[in-house]
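Written below as structure tokens is the structure these notes are about.
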Amino acid sequence: MNNGDRRRVNGEAEEDDDEDEGNEDLDAWERAYADERSWEALQEDESGLLRPIDNNTLYHAQYRRRIRSLSSLATTARIQKGLIRYLCIVVDLSKAAAEMDYRPSRMVVVAKHVDAFIREFFDQNPLSQLALVTIKDGVAHCLTDLGGSPESHVKALMGKLECSGESSLQNALDLVHGYLNQIPSYGHREVLVLYSALSTCDPGDIMETIQKCKKSKIRCSVIGLSAEIFICKHLCQETGGSYSVALDEGHFKELILEHAPPPPAIAEFAIANLIKMGFPQRAAESSIAICSCHKEAKIGGGYTCPRCKARVCELPTECRICGLTLISSPHLARSYHHLFPIVPFDEVSPSLLNDPHIRLPRSCFGCQQSLLNPGNKPSLRVACPKCKQHFCLDCDIYIHESLHNCPGCESFRHSKSAIAGEE
């Protein structure tokens with residue numbers, strides 16, 4: 001062997017050593033699956049054979065079950081939606097959050113999906129406010145006050161991702177109770193706890209704290225990342241919240257996003273009030289004023305309270321000087337769809353799809369993409385029960401979760417108004 005071959009072999013050995021050092025924390029059987037969980041993409045069919053999972057169809061089936069359950073709840077109970085919500089998210093950053101059963105750790109997974117949830121929350125609840133609370137070393141810390149800026153909440157959370165000590169559920173409930181107990185009666189008070197620990201280290205009787213939250217009409221919900229805990233389940237049952245335990249990262253994402261739409265409020269506990277609101281004007285770009293939020297002078301931008309003329313940075317918010325709720329008209333308009341949600345679409349039965357005597361639309365009414373599989377075989381589709389137009393599965397999700405209007409019904413309504421105008 002010459003020197004060139006020896007150098008090449010040594011170079012290859014050095015590269016292999018670097019790869020081994022990168023994976024030295026993993027067991028041998030884990031290294032092959034460090035980047036992908038290939039076994040999770042298989043399922044057993046009727047004949048006992050393994051085949052890949054159709055993720056789109058599976059996701060759509062889960063989505064439709066959720067839509068229908070919400071629709072059935074709305075028809076069986078006299079409810080009103082809590083459009084003005086005050087939500088405190090409690091993130092458990094005790095040493096249990098450093099566990100690596102979620103890759104790379106529970107803390108990282110929770111932070112990633114809390115980021116997405118905050119943005120989705122304000123997209124669906126433009127009149128609502130949110131606060132962040134963390135638990136570490138047995139103490140609850142207020143990370144951000146109630147506010148309507150998603151960027152400030154996300155920035156504060158990402159800057160405080162450190163795990164240590166034990167978790168204390170009672171301290172967290174006492175802290176959020178002090179914040180939410182001051183909220184006016186028209187606001188819906190909610191707490192969402194993302195709990196990683198299997199125990200709680202409390203300074204007093206947590207049962208008294210739970211009853212205090214119940215008396216203040218604070219709805220507490222918990223998403224566990226480890227196992228079911230009695231005290232968390234008892235908390236949710238007493239306050240009317242929901243308790244779930246995530247099976248994996250995908251399930252955790254699904255569970256947390258279920259809390260983004262406004263929850264139904266039973267009529268006997270919800271008080272109808274007329275609310276005074278102000279619609280502030282945006283200040284001139286060249287104006288200089290002291291911001292009541294940050295207590296400092298700022299140039300340009302911001303909004304002026306119509307009652308006391310104080311300057312605020314963002315909407316929606318509550319004026320720090322006179323206490324008037326400040327919003328913009330687009331925020332009010334975007335909340336309208338929760339009062340009159342679009343009805344779930346009906347799945348087109350396979351018998352109609354396979355009937356050669358019935359002519360069905362070949363393309364989706366929404367995106368105009370073909371509804372036929374290779375070989376001109378009809379694929380799964382849904383139809384609006386009012387306008388009878390057919391849509392693909394992706395448009396079904398987009399219409400119900402983002403658009404909140406049926407394109408077929410809107411086009412039909414537009415054509416009727418155009419005909420009436422010509423007459």
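How things are named: the first chain in the structure tokens is A, the next is B, and so on; residues count from 1 in each chain; ligands count from 1 in the order shown.
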Who sits within 10 Å of Met207 in chain A, only C-alpha atoms, same chain under 5 positions skipped, as a ChimeraX atom specification: /A:170,212-213,231,234-235
Picked from range 39-262 of chain A by DSSP as helix (DSSP H, G or I), as an NGL selection string: :A and (39-41 or 55-76 or 95-98 or 106-124 or 150-158 or 169-180 or 206-215 or 230-239 or 249-257)
Rows by chain and residue number, range 257-341 of chain A within 7 Å of range 82-88 of chain A, shortest pair, only C-alpha atoms, as CSV:
residue,atom,partner,partner_atom,distance
A:Pro262,CA,A:Gly82,CA,5.5
A:Pro263,CA,A:Gly82,CA,6.2
A:Pro264,CA,A:Gly82,CA,6.5
A:Ala265,CA,A:Gly82,CA,6.2
A:Ser335,CA,A:Leu83,CA,6.9
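Here CA of Cys163 in chain A is placed at a distance of 6.7 Å from CA of Lys136 in chain A.
Distances from A:Cys308, A:Ala383, A:Leu274, A:Cys313 to Cys293 in chain A were compared using only C-alpha atoms, and the smallest one belongs to A:Cys313.
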